[in-house]
>>> print(open('model_20.tsv').read())   # TSV, C-alpha atoms and all ligand atoms
chain	number	residue	atom	x	y	z
A	17	MET	CA	53.48	2.65	31.28
A	18	ALA	CA	50.61	2.55	33.81
A	19	LYS	CA	49.81	-0.69	35.59
A	20	MET	CA	47.38	-3.04	33.79
A	21	ASN	CA	44.01	-4.03	35.28
A	22	GLU	CA	43.84	-1.07	37.65
A	23	THR	CA	40.33	-0.16	38.78
A	24	ARG	CA	38.62	2.62	36.87
A	25	PRO	CA	39.54	5.97	38.48
A	26	ASP	CA	36.81	8.21	39.85
A	27	ASN	CA	36.80	11.32	37.64
A	28	SER	CA	33.95	13.01	39.50
A	29	ARG	CA	36.34	14.93	41.82
A	30	ILE	CA	38.04	16.50	38.82
A	31	VAL	CA	37.41	20.23	38.74
A	32	ASN	CA	37.81	22.50	35.81
A	33	SER	CA	41.45	23.53	35.88
A	34	GLU	CA	44.42	23.37	33.50
A	35	GLU	CA	46.07	20.97	35.92
A	36	ASP	CA	43.14	18.56	35.71
A	37	VAL	CA	43.20	18.61	31.91
A	38	ALA	CA	46.92	17.79	32.00
A	39	THR	CA	46.29	14.92	34.45
A	40	LEU	CA	43.51	13.46	32.30
A	41	ARG	CA	45.59	13.76	29.13
A	42	LYS	CA	48.44	11.93	30.83
A	43	ARG	CA	45.98	9.19	31.85
A	44	ILE	CA	44.74	8.90	28.25
A	45	ASP	CA	48.34	8.71	26.95
A	46	ASP	CA	49.11	5.88	29.39
A	47	ILE	CA	45.96	3.99	28.37
A	48	ASP	CA	46.78	4.44	24.66
A	49	GLU	CA	50.20	2.88	25.27
A	50	GLN	CA	48.57	-0.10	26.96
A	51	ILE	CA	46.08	-0.49	24.11
A	52	LEU	CA	48.92	-0.38	21.56
A	53	GLU	CA	50.87	-3.04	23.39
A	54	LEU	CA	47.80	-5.27	23.67
A	55	ILE	CA	47.03	-4.85	19.95
A	56	GLY	CA	50.58	-5.94	19.16
A	57	ARG	CA	50.10	-9.06	21.31
A	58	ARG	CA	46.73	-9.75	19.67
A	59	LEU	CA	48.32	-9.47	16.20
A	60	ASP	CA	51.14	-11.86	17.20
A	61	ALA	CA	48.50	-14.44	18.14
A	62	ALA	CA	46.53	-13.79	14.94
A	63	GLN	CA	49.69	-14.23	12.86
A	64	ALA	CA	50.42	-17.55	14.59
A	65	ILE	CA	46.88	-18.74	13.80
A	66	GLY	CA	47.41	-17.51	10.22
A	67	ARG	CA	50.47	-19.78	9.87
A	68	ILE	CA	48.49	-22.77	11.16
A	69	LYS	CA	45.63	-21.99	8.76
A	70	GLN	CA	48.09	-21.75	5.88
A	71	GLN	CA	49.66	-25.12	6.77
A	72	ARG	CA	46.22	-26.71	6.92
A	73	GLY	CA	44.88	-24.86	3.86
A	74	ILE	CA	42.04	-23.22	5.84
A	75	THR	CA	40.58	-19.82	4.79
A	76	VAL	CA	41.43	-16.75	6.89
A	77	VAL	CA	37.89	-15.55	7.61
A	78	ASP	CA	35.87	-17.58	10.10
A	79	ASN	CA	32.47	-15.87	10.28
A	80	ARG	CA	31.19	-17.93	13.18
A	81	ARG	CA	34.24	-17.22	15.31
A	82	GLU	CA	33.92	-13.47	14.63
A	83	GLY	CA	30.24	-13.51	15.59
A	84	GLU	CA	31.16	-15.25	18.86
A	85	ILE	CA	33.83	-12.63	19.64
A	86	PHE	CA	31.30	-9.80	19.27
A	87	GLN	CA	28.67	-11.59	21.33
A	88	ARG	CA	31.13	-12.27	24.17
A	89	LEU	CA	32.46	-8.70	24.21
A	90	SER	CA	29.05	-7.05	24.10
A	91	ALA	CA	28.12	-9.04	27.24
A	92	LEU	CA	31.28	-7.74	28.96
A	93	LYS	CA	31.04	-4.11	27.86
A	94	GLN	CA	30.69	-1.36	30.45
A	95	GLU	CA	29.13	2.09	30.40
A	96	PRO	CA	29.59	4.56	28.76
A	97	LEU	CA	30.65	2.40	25.77
A	98	LYS	CA	27.65	1.72	23.53
A	99	THR	CA	27.17	-1.62	21.76
A	100	GLY	CA	27.40	0.03	18.32
A	101	SER	CA	30.71	1.72	19.25
A	102	LEU	CA	32.10	-1.56	20.58
A	103	TYR	CA	31.28	-3.17	17.23
A	104	ARG	CA	33.03	-0.32	15.38
A	105	ILE	CA	36.22	-0.58	17.41
A	106	PHE	CA	36.51	-4.37	17.31
A	107	ARG	CA	35.63	-4.58	13.64
A	108	SER	CA	38.73	-2.52	12.90
A	109	ILE	CA	40.88	-4.65	15.22
A	110	ILE	CA	39.60	-7.89	13.69
A	111	SER	CA	40.05	-6.54	10.18
A	112	VAL	CA	43.71	-5.68	10.92
A	113	GLY	CA	44.08	-9.16	12.44
A	114	ARG	CA	42.80	-10.68	9.21
A	115	SER	CA	45.20	-8.62	7.12
A	116	VAL	CA	48.27	-9.93	9.00
A	117	GLN	CA	47.12	-13.47	8.20
A	118	LYS	CA	47.06	-12.80	4.46
A	119	GLN	CA	49.76	-12.75	1.81
A	120	PRO	CA	50.97	-9.18	1.12
A	121	SER	CA	49.65	-9.36	-2.46
A	122	GLN	CA	46.02	-9.76	-1.34
A	123	THR	CA	44.16	-6.43	-1.24
A	124	ASP	CA	40.74	-6.04	0.31
A	125	VAL	CA	38.11	-4.14	-1.65
A	126	MET	CA	35.60	-3.10	0.96
A	127	PRO	CA	31.95	-3.57	-0.10
A	128	ILE	CA	30.06	-0.33	0.43
A	129	TYR	CA	26.43	0.11	1.51
A	130	ALA	CA	24.72	3.45	2.14
A	131	VAL	CA	21.58	5.25	3.18
A	132	PHE	CA	20.42	8.17	1.03
A	133	GLY	CA	18.15	10.80	2.56
A	134	ASP	CA	17.79	14.41	3.66
A	135	PRO	CA	18.00	15.02	6.59
A	136	ILE	CA	20.13	12.01	7.45
A	137	GLY	CA	22.33	13.02	10.42
A	138	HIS	CA	20.23	11.21	13.02
A	139	SER	CA	19.73	7.99	11.06
A	140	LEU	CA	20.21	4.86	13.16
A	141	SER	CA	20.72	2.72	10.04
A	142	PRO	CA	24.56	3.03	9.98
A	143	VAL	CA	25.05	1.75	13.54
A	144	MET	CA	22.48	-1.01	12.94
A	145	HIS	CA	23.91	-2.24	9.61
A	146	ASN	CA	27.60	-1.87	10.51
A	147	SER	CA	27.03	-3.94	13.65
A	148	ALA	CA	25.05	-6.52	11.66
A	149	LEU	CA	27.87	-6.86	9.09
A	150	ALA	CA	30.41	-7.29	11.89
A	151	GLN	CA	28.28	-9.83	13.77
A	152	ALA	CA	27.87	-11.86	10.56
A	153	GLY	CA	31.64	-11.71	9.95
A	154	LEU	CA	31.13	-9.91	6.65
A	155	ASP	CA	33.40	-7.22	5.25
A	156	GLY	CA	31.58	-4.01	4.46
A	157	CYS	CA	30.99	-0.44	5.42
A	158	TYR	CA	27.58	1.28	5.61
A	159	LEU	CA	27.59	5.07	5.26
A	160	ALA	CA	25.02	7.82	5.75
A	161	CYS	CA	24.86	10.17	2.73
A	162	ARG	CA	22.93	13.41	2.69
A	163	VAL	CA	21.38	13.29	-0.78
A	164	ILE	CA	19.66	16.35	-2.17
A	165	ASP	CA	19.30	15.14	-5.77
A	166	ILE	CA	18.48	11.44	-6.07
A	167	ALA	CA	19.27	10.99	-9.82
A	168	PRO	CA	23.08	11.51	-9.60
A	169	ALA	CA	23.10	9.60	-6.30
A	170	VAL	CA	21.66	6.56	-8.13
A	171	ASP	CA	24.38	7.00	-10.80
A	172	GLY	CA	26.79	6.91	-7.85
A	173	ILE	CA	25.48	3.45	-6.85
A	174	ARG	CA	26.40	2.19	-10.33
A	175	GLY	CA	29.65	4.17	-10.62
A	176	LEU	CA	31.04	3.26	-7.21
A	177	GLY	CA	29.71	-0.28	-7.21
A	178	ILE	CA	27.74	0.33	-4.00
A	179	ARG	CA	26.26	-3.08	-3.16
A	180	GLY	CA	23.07	-1.86	-1.56
A	181	ALA	CA	21.34	1.34	-0.53
A	182	SER	CA	18.59	2.28	1.88
A	183	ILE	CA	16.41	5.08	0.55
A	184	THR	CA	14.63	7.35	2.97
A	185	ILE	CA	12.70	10.64	3.13
A	186	PRO	CA	12.24	12.46	0.75
A	187	HIS	CA	13.41	10.10	-2.04
A	188	LYS	CA	11.35	6.90	-1.67
A	189	ILE	CA	9.01	7.73	-4.57
A	190	ASN	CA	11.35	9.59	-6.95
A	191	VAL	CA	14.08	6.96	-6.80
A	192	MET	CA	11.86	4.46	-8.63
A	193	LYS	CA	12.23	5.99	-12.07
A	194	TYR	CA	16.03	5.64	-12.01
A	195	LEU	CA	16.08	1.90	-11.22
A	196	ASP	CA	16.25	-1.00	-13.70
A	197	GLN	CA	13.59	-3.08	-11.97
A	198	VAL	CA	11.07	-2.52	-9.20
A	199	ASP	CA	9.61	-5.46	-7.30
A	200	ALA	CA	5.83	-5.90	-7.78
A	201	LEU	CA	4.90	-5.10	-4.16
A	202	ALA	CA	7.06	-1.93	-4.14
A	203	ALA	CA	5.48	-0.91	-7.46
A	204	ASP	CA	1.97	-1.36	-5.97
A	205	ILE	CA	2.94	0.68	-2.91
A	206	GLY	CA	4.56	3.30	-5.13
A	207	ALA	CA	7.68	3.59	-2.96
A	208	VAL	CA	11.12	1.96	-2.71
A	209	ASN	CA	13.24	1.99	0.46
A	210	THR	CA	15.85	-0.57	-0.64
A	211	VAL	CA	18.09	-0.81	-3.69
A	212	VAL	CA	20.07	-3.96	-4.49
A	213	ASN	CA	22.93	-3.74	-6.99
A	214	ARG	CA	23.08	-7.02	-8.94
A	215	GLN	CA	26.10	-6.83	-11.27
A	216	GLY	CA	25.28	-3.23	-12.16
A	217	GLU	CA	21.50	-3.77	-12.43
A	218	LEU	CA	19.60	-1.86	-9.78
A	219	HIS	CA	16.55	-3.56	-8.23
A	220	GLY	CA	14.10	-1.74	-5.93
A	221	TYR	CA	12.17	-3.23	-2.98
A	222	ASN	CA	10.01	-2.01	-0.11
A	223	THR	CA	11.05	-3.56	3.20
A	224	ASP	CA	9.05	-0.99	5.24
A	225	CYS	CA	6.15	-3.15	4.16
A	226	THR	CA	7.64	-6.60	4.71
A	227	GLY	CA	9.29	-5.47	7.98
A	228	ALA	CA	5.98	-4.24	9.43
A	229	VAL	CA	4.17	-7.42	8.42
A	230	LYS	CA	6.92	-9.55	9.97
A	231	ALA	CA	6.69	-7.55	13.24
A	232	LEU	CA	2.94	-8.29	13.34
A	233	ALA	CA	3.26	-11.90	12.22
A	234	ASP	CA	5.76	-12.58	15.05
A	235	LYS	CA	2.92	-11.88	17.54
A	236	THR	CA	-0.31	-12.75	15.73
A	237	GLY	CA	-1.91	-14.26	12.66
A	238	ILE	CA	-3.03	-11.68	10.08
A	239	SER	CA	-5.00	-13.67	7.52
A	240	GLY	CA	-8.77	-13.22	7.95
A	241	LYS	CA	-8.36	-10.70	10.81
A	242	ASP	CA	-10.05	-7.29	10.88
A	243	VAL	CA	-7.23	-4.76	10.89
A	244	ALA	CA	-7.59	-1.01	11.52
A	245	LEU	CA	-4.80	1.11	10.09
A	246	ILE	CA	-4.63	4.65	11.48
A	247	GLY	CA	-3.17	7.13	8.98
A	248	ALA	CA	-3.02	7.56	5.22
A	249	GLY	CA	0.53	8.79	4.56
A	250	GLY	CA	3.56	6.95	3.16
A	251	ALA	CA	4.00	4.71	6.22
A	252	ALA	CA	0.32	3.69	6.21
A	253	ARG	CA	0.52	2.95	2.49
A	254	ALA	CA	3.46	0.56	2.86
A	255	ILE	CA	1.96	-1.19	5.91
A	256	GLY	CA	-1.51	-1.35	4.30
A	257	PHE	CA	-0.31	-3.14	1.18
A	258	GLY	CA	1.60	-5.63	3.34
A	259	ILE	CA	-1.41	-6.37	5.54
A	260	ARG	CA	-3.62	-6.80	2.50
A	261	GLN	CA	-1.10	-9.18	0.92
A	262	ALA	CA	-1.02	-11.17	4.19
A	263	GLY	CA	-4.81	-11.59	3.98
A	264	GLY	CA	-5.95	-9.03	6.60
A	265	ARG	CA	-9.34	-7.28	6.15
A	266	LEU	CA	-8.36	-3.64	6.29
A	267	THR	CA	-10.14	-0.48	7.43
A	268	ILE	CA	-8.36	2.86	7.09
A	269	ILE	CA	-8.98	5.36	9.91
A	270	ASN	CA	-7.79	8.86	9.09
A	271	ARG	CA	-8.24	12.43	10.27
A	272	THR	CA	-8.64	13.85	6.76
A	273	ILE	CA	-11.37	11.89	5.02
A	274	GLN	CA	-10.27	12.62	1.42
A	275	LYS	CA	-6.76	11.29	2.07
A	276	GLY	CA	-8.14	8.27	3.87
A	277	GLU	CA	-10.56	7.51	1.03
A	278	LYS	CA	-7.82	7.77	-1.58
A	279	LEU	CA	-5.70	5.15	0.21
A	280	ALA	CA	-8.77	2.99	0.89
A	281	SER	CA	-9.63	3.06	-2.81
A	282	ASP	CA	-6.05	2.00	-3.74
A	283	LEU	CA	-6.26	-0.82	-1.19
A	284	ASP	CA	-9.85	-1.68	-2.08
A	285	CYS	CA	-11.00	-1.39	1.54
A	286	ASP	CA	-13.24	0.71	3.85
A	287	CYS	CA	-12.40	4.06	5.33
A	288	VAL	CA	-13.78	5.64	8.55
A	289	PRO	CA	-13.02	9.24	9.56
A	290	LEU	CA	-11.17	9.41	12.88
A	291	SER	CA	-13.84	11.74	14.31
A	292	GLU	CA	-16.56	9.10	13.78
A	293	ILE	CA	-14.85	6.27	15.68
A	294	LYS	CA	-17.17	5.11	18.50
A	295	GLU	CA	-15.94	1.51	18.83
A	296	LEU	CA	-12.90	-0.53	17.81
A	297	PRO	CA	-14.08	-4.01	16.81
A	298	TYR	CA	-10.71	-5.01	15.29
A	299	GLY	CA	-8.33	-7.87	16.00
A	300	ILE	CA	-5.33	-5.69	15.11
A	301	ILE	CA	-4.86	-1.89	15.28
A	302	VAL	CA	-1.77	-0.22	13.80
A	303	ASN	CA	-0.81	3.42	14.35
A	304	ALA	CA	0.86	4.60	11.13
A	305	THR	CA	0.71	8.31	12.00
A	306	SER	CA	3.43	10.27	13.80
A	307	VAL	CA	1.06	10.96	16.72
A	308	GLY	CA	2.82	10.17	20.02
A	309	MET	CA	6.34	10.79	18.70
A	310	ALA	CA	8.70	12.81	20.93
A	311	PRO	CA	8.51	15.66	21.83
A	312	HIS	CA	4.70	15.32	21.67
A	313	ASP	CA	4.74	12.00	23.47
A	314	ASP	CA	1.65	12.79	25.57
A	315	ARG	CA	-0.61	12.28	22.54
A	316	VAL	CA	-2.52	9.18	21.41
A	317	PRO	CA	-3.85	8.59	17.87
A	318	LEU	CA	-7.32	7.62	19.13
A	319	ASP	CA	-9.38	7.17	22.32
A	320	THR	CA	-7.75	4.22	24.10
A	321	ASN	CA	-10.87	3.71	26.29
A	322	LEU	CA	-12.38	2.07	23.20
A	323	LEU	CA	-9.67	-0.63	23.01
A	324	GLU	CA	-10.67	-4.21	23.72
A	325	ARG	CA	-8.32	-6.49	25.63
A	326	GLU	CA	-8.01	-9.13	22.87
A	327	THR	CA	-6.69	-6.57	20.38
A	328	VAL	CA	-3.08	-6.61	19.14
A	329	VAL	CA	-1.85	-3.01	19.01
A	330	MET	CA	1.21	-1.97	16.99
A	331	ASP	CA	2.78	1.50	16.88
A	332	SER	CA	5.07	2.62	14.06
A	333	VAL	CA	6.52	5.33	16.35
A	334	TYR	CA	9.72	4.15	18.07
A	335	ASN	CA	10.77	7.32	19.84
A	336	PRO	CA	9.74	6.90	22.64
A	337	LEU	CA	9.87	3.14	22.51
A	338	LYS	CA	6.87	2.80	24.81
A	339	THR	CA	4.46	5.36	23.40
A	340	ARG	CA	1.51	6.48	25.46
A	341	PHE	CA	-0.69	4.57	22.99
A	342	LEU	CA	1.17	1.30	23.67
A	343	ALA	CA	1.32	1.92	27.44
A	344	GLU	CA	-2.46	2.48	27.63
A	345	ALA	CA	-3.11	-0.51	25.35
A	346	ALA	CA	-0.92	-2.69	27.59
A	347	ASN	CA	-2.89	-1.47	30.65
A	348	LYS	CA	-6.05	-2.63	28.92
A	349	GLY	CA	-4.48	-6.08	28.51
A	350	CYS	CA	-3.78	-5.76	24.77
A	351	THR	CA	-0.75	-7.41	23.15
A	352	THR	CA	1.58	-4.61	22.03
A	353	ILE	CA	4.29	-4.34	19.34
A	354	ASP	CA	6.66	-1.38	19.39
A	355	GLY	CA	7.93	0.62	16.43
A	356	LEU	CA	11.47	-0.61	16.95
A	357	ALA	CA	10.38	-4.09	15.83
A	358	MET	CA	9.27	-2.59	12.50
A	359	PHE	CA	12.42	-0.52	12.12
A	360	VAL	CA	14.74	-3.45	12.87
A	361	ASN	CA	12.75	-5.81	10.62
A	362	GLN	CA	12.89	-3.47	7.63
A	363	GLY	CA	16.68	-3.31	8.17
A	364	ALA	CA	16.91	-7.09	8.58
A	365	ASP	CA	15.08	-7.61	5.28
A	366	GLN	CA	17.51	-5.17	3.60
A	367	PHE	CA	20.48	-7.04	5.05
A	368	GLU	CA	19.15	-10.34	3.71
A	369	LEU	CA	18.50	-8.87	0.25
A	370	TRP	CA	22.02	-7.42	0.07
A	371	THR	CA	24.04	-10.26	1.55
A	372	GLY	CA	21.91	-13.38	1.10
A	373	ARG	CA	22.64	-14.11	4.77
A	374	LYS	CA	20.25	-14.32	7.73
A	375	ALA	CA	20.25	-11.00	9.58
A	376	PRO	CA	21.45	-10.99	13.22
A	377	VAL	CA	18.17	-9.39	14.36
A	378	ASP	CA	18.88	-9.53	18.11
A	379	ILE	CA	22.10	-7.55	17.84
A	380	MET	CA	20.48	-5.08	15.42
A	381	ARG	CA	17.74	-4.40	17.96
A	382	ARG	CA	20.22	-4.16	20.84
A	383	VAL	CA	22.46	-1.54	19.18
A	384	VAL	CA	19.53	0.63	18.11
A	385	LEU	CA	17.99	0.38	21.57
A	386	ASP	CA	21.33	1.36	23.07
A	387	GLU	CA	21.42	4.49	20.88
A	388	LEU	CA	17.81	5.41	21.67
A	389	GLN	CA	18.32	4.99	25.41
A	390	SER	CA	21.60	6.93	25.62
A	391	PRO	CA	21.23	10.44	27.04
B	1	LIG	P1	4.38	9.52	6.46
B	1	LIG	O1	4.74	9.55	5.00
B	1	LIG	O2	5.57	9.42	7.38
B	1	LIG	O3	3.34	8.51	6.77
B	1	LIG	P2	2.60	11.80	6.15
B	1	LIG	O4	2.47	11.55	4.71
B	1	LIG	O5	2.79	13.20	6.61
B	1	LIG	O6	3.81	10.99	6.80
B	1	LIG	O7	1.31	11.16	6.88
B	1	LIG	C1	1.07	11.34	8.19
B	1	LIG	C2	-0.26	10.68	8.58
B	1	LIG	O8	-0.44	10.95	9.96
B	1	LIG	C3	-1.45	11.28	7.86
B	1	LIG	O9	-2.42	10.28	7.66
B	1	LIG	C4	-1.95	12.33	8.86
B	1	LIG	O10	-3.32	12.58	8.80
B	1	LIG	P3	-3.94	13.59	7.72
B	1	LIG	O11	-4.11	12.78	6.46
B	1	LIG	O12	-5.21	14.03	8.30
B	1	LIG	O13	-2.95	14.71	7.56
B	1	LIG	C5	-1.68	11.63	10.15
B	1	LIG	N1	-1.54	12.60	11.24
B	1	LIG	C6	-0.48	13.42	11.46
B	1	LIG	N2	-0.73	14.18	12.56
B	1	LIG	C7	-1.95	13.81	13.04
B	1	LIG	C8	-2.74	14.20	14.15
B	1	LIG	N3	-2.30	15.13	15.02
B	1	LIG	N4	-3.92	13.61	14.35
B	1	LIG	C9	-4.36	12.66	13.49
B	1	LIG	N5	-3.67	12.23	12.41
B	1	LIG	C10	-2.46	12.81	12.18
>>> encode(input="model_20.tsv", output="structure tokens")
Amino acid sequence: MAKMNETRPDNSRIVNSEEDVATLRKRIDDIDEQILELIGRRLDAAQAIGRIKQQRGITVVDNRREGEIFQRLSALKQEPLKTGSLYRIFRSIISVGRSVQKQPSQTDVMPIYAVFGDPIGHSLSPVMHNSALAQAGLDGCYLACRVIDIAPAVDGIRGLGIRGASITIPHKINVMKYLDQVDALAADIGAVNTVVNRQGELHGYNTDCTGAVKALADKTGISGKDVALIGAGGAARAIGFGIRQAGGRLTIINRTIQKGEKLASDLDCDCVPLSEIKELPYGIIVNATSVGMAPHDDRVPLDTNLLERETVVMDSVYNPLKTRFLAEAANKGCTTIDGLAMFVNQGADQFELWTGRKAPVDIMRRVVLDELQSP
């Protein structure tokens, strides 16, 4: 077995030859042996703690201790390991540690959570929710499912006992008719992004809305403020209902006037066509269009020369994290809120609905950021 604690070898001199592949494979085999031995030692220690817990009549799972382990390790982690991957690896190790502390007759039934959408391959929800479950010391597995037909997928939630599901494009509207109950705000918005399974009864919520409002409320008051919402699609609809509920005085700004007026009429507010904007006398401005999203990240949703320095500017785009809109607003002295805050908050609200526990928001943001910033 290779020596422990050796410094990390420099692989940059490795050239592309059969010999090099053999050398690297040998190195991996040696490391695997070390990992195996260390896992054995970790399990011995866990078993010893298990015996003490049994003598004292203490339960096996200690959520706070598990949260502390993850926090400590994520501070120690080195490139190229990502925070989300670290959580995945150590969740398995901790879960095996727990199982050696239990009586052989005890069998874990893993709670399942999922996101339904199409396309779904690039969703950041699995890494965010799996890390959140681990940090909170909760058993559970969150999976990405490519769902083409939402009706049988909802049957699957009932049939498999899936505890909670995130619903994303293109199913947020259609899913509603298959649920047992839809929360009043989600019904007003006309879209559900979260399903909670309560003893076989499926309840629908919209945390896109509550998550966006929370991201704003963390930086500014909303009640009584003049708020401009750019866009009139699904995202604008969810954010608009939330802002109205929080007491903001809304104006919809949209490129296509008919679409803008339709949303304004549903929200009982004014609408101004984008082309007619000459000033921006608003306390808060929210971009709810996709303008500025990579690869077209040189675009802004409106003329930033019109921004006033007291304005709070929020962007629902989170790729790139610092959109040109937010960068120019920050240069003007505006307070800015990035789209990641909204994304993480909608996930945090889902987590709280599913588990009844406070979401570890900091770690959720860190793992998603890590994914977004990796090459
Ligand atoms: P989502 O459901 O994600 O909000 P959507 O329904 O396609 O997506 O809505 C996108 C919003 O962004 C719309 O309000 C759209 O304006 P139009 O109603 O005029 O189509 C707005 N949008 C998209 N591209 C835009 C652009 N280049 N300039 C201005 N607005 C744009």
>>> residues_around(input="model_20.tsv", residues="Gln197 of chain A", least_positions_apart="2", cutoff="9 Å", atoms="all atoms listed in the file", output="JSON, numbers by chain")
{"A": [192, 195, 199, 217, 218, 219, 220]}
>>> residues_around(input="model_20.tsv", residues="segment 96-106 of chain A", least_positions_apart="6", cutoff="7 Å", atoms="only C-alpha atoms", output="list in words")
Phe86, Ser90, Val143, Ser147, Ala150, Val383 and Asp386 of chain A
>>> closest_residue(input="model_20.tsv", among="A:Leu140, A:Asp26, A:Ala152, A:Asp165", to="Arg81 of chain A", atoms="all atoms listed in the file")
A:Ala152
>>> closest_residue(input="model_20.tsv", among="A:Thr272, A:Thr236, A:Ser182, A:Thr226", to="ligand LIG 1 (chain B)", atoms="only C-alpha atoms and all ligand atoms")
A:Thr272
>>> closest_residue(input="model_20.tsv", among="A:Arg179, A:His145, A:Lys278, A:Lys294", to="Met380 of chain A", atoms="all atoms listed in the file")
A:His145
>>> residues_near_ligand(input="model_20.tsv", ligand="ligand LIG 1 (chain B)", cutoff="8 Å", atoms="all atoms listed in the file", output="VMD selection string")
chain A and resid 246 to 253 270 to 276 290 304 to 307 317
>>> write_last_selection(input="model_20.tsv", atoms="C-alpha atoms", output="compact mmCIF listing (two decimals), in the frame of the given file")
# COMPACT_ATOMS: atom_id res chain seq x y z
CA ILE A 246 -4.63 4.65 11.48
CA GLY A 247 -3.17 7.13 8.98
CA ALA A 248 -3.02 7.56 5.22
CA GLY A 249 0.53 8.79 4.56
CA GLY A 250 3.56 6.95 3.16
CA ALA A 251 4.00 4.71 6.22
CA ALA A 252 0.32 3.69 6.21
CA ARG A 253 0.52 2.95 2.49
CA ASN A 270 -7.79 8.86 9.09
CA ARG A 271 -8.24 12.43 10.27
CA THR A 272 -8.64 13.85 6.76
CA ILE A 273 -11.37 11.89 5.02
CA GLN A 274 -10.27 12.62 1.42
CA LYS A 275 -6.76 11.29 2.07
CA GLY A 276 -8.14 8.27 3.87
CA LEU A 290 -11.17 9.41 12.88
CA ALA A 304 0.86 4.60 11.13
CA THR A 305 0.71 8.31 12.00
CA SER A 306 3.43 10.27 13.80
CA VAL A 307 1.06 10.96 16.72
CA PRO A 317 -3.85 8.59 17.87
>>> residues_near_point(input="model_20.tsv", point="(33.8, -15.0, 9.9)", cutoff="12 Å", atoms="only C-alpha atoms", output="JSON, numbers by chain")
{"A": [75, 76, 77, 78, 79, 80, 81, 82, 83, 84, 85, 86, 107, 110, 111, 114, 149, 150, 151, 152, 153, 154, 155]}
>>> write_last_selection(input="model_20.tsv", atoms="C-alpha atoms", output="CSV table (one decimal), keeping the file's coordinate frame")
chain,number,residue,atom,x,y,z
A,75,THR,CA,40.6,-19.8,4.8
A,76,VAL,CA,41.4,-16.8,6.9
A,77,VAL,CA,37.9,-15.6,7.6
A,78,ASP,CA,35.9,-17.6,10.1
A,79,ASN,CA,32.5,-15.9,10.3
A,80,ARG,CA,31.2,-17.9,13.2
A,81,ARG,CA,34.2,-17.2,15.3
A,82,GLU,CA,33.9,-13.5,14.6
A,83,GLY,CA,30.2,-13.5,15.6
A,84,GLU,CA,31.2,-15.2,18.9
A,85,ILE,CA,33.8,-12.6,19.6
A,86,PHE,CA,31.3,-9.8,19.3
A,107,ARG,CA,35.6,-4.6,13.6
A,110,ILE,CA,39.6,-7.9,13.7
A,111,SER,CA,40.0,-6.5,10.2
A,114,ARG,CA,42.8,-10.7,9.2
A,149,LEU,CA,27.9,-6.9,9.1
A,150,ALA,CA,30.4,-7.3,11.9
A,151,GLN,CA,28.3,-9.8,13.8
A,152,ALA,CA,27.9,-11.9,10.6
A,153,GLY,CA,31.6,-11.7,10.0
A,154,LEU,CA,31.1,-9.9,6.6
A,155,ASP,CA,33.4,-7.2,5.2
>>> atom_distance(input="model_20.tsv", atom1="atom CA of Leu176 of chain A", atom2="atom CA of Ala130 of chain A")
11.3 Å
>>> atom_distance(input="model_20.tsv", atom1="atom CA of Asp204 of chain A", atom2="atom CA of Ile166 of chain A")
20.9 Å
>>> residues_around(input="model_20.tsv", residues="Gln117 of chain A", least_positions_apart="4", cutoff="8 Å", atoms="only C-alpha atoms", output="PDB file with C-alpha atoms, in the coordinates of the input")
ATOM      1  CA  ALA A  62      46.530 -13.790  14.940  1.00  0.00           C
ATOM      2  CA  GLN A  63      49.690 -14.230  12.860  1.00  0.00           C
ATOM      3  CA  ILE A  65      46.880 -18.740  13.800  1.00  0.00           C
ATOM      4  CA  GLY A  66      47.410 -17.510  10.220  1.00  0.00           C
ATOM      5  CA  ARG A  67      50.470 -19.780   9.870  1.00  0.00           C
ATOM      6  CA  VAL A  76      41.430 -16.750   6.890  1.00  0.00           C
ATOM      7  CA  GLY A 113      44.080  -9.160  12.440  1.00  0.00           C
TER       8      GLY A 113
END
>>> decode(input="model_20.tsv", residues="segment 43-48 of chain A", atoms="N, CA, C and O atoms", output="compact mmCIF listing (two decimals), in the first residue's frame")
# COMPACT_ATOMS: atom_id res chain seq x y z
N ARG A 43 -1.73 4.14 -9.38
CA ARG A 43 -1.88 5.15 -8.32
C ARG A 43 -3.31 5.11 -7.75
O ARG A 43 -3.52 5.15 -6.55
N ILE A 44 -4.29 5.02 -8.67
CA ILE A 44 -5.69 4.96 -8.22
C ILE A 44 -5.93 3.72 -7.37
O ILE A 44 -6.59 3.78 -6.32
N ASP A 45 -5.37 2.57 -7.79
CA ASP A 45 -5.55 1.33 -7.02
C ASP A 45 -4.99 1.49 -5.61
O ASP A 45 -5.61 1.07 -4.63
N ASP A 46 -3.81 2.11 -5.51
CA ASP A 46 -3.19 2.32 -4.19
C ASP A 46 -4.08 3.20 -3.33
O ASP A 46 -4.29 2.93 -2.14
N ILE A 47 -4.59 4.27 -3.95
CA ILE A 47 -5.44 5.21 -3.17
C ILE A 47 -6.71 4.50 -2.71
O ILE A 47 -7.15 4.65 -1.57
N ASP A 48 -7.31 3.69 -3.61
CA ASP A 48 -8.53 2.96 -3.23
C ASP A 48 -8.28 2.06 -2.02
O ASP A 48 -9.11 1.95 -1.12
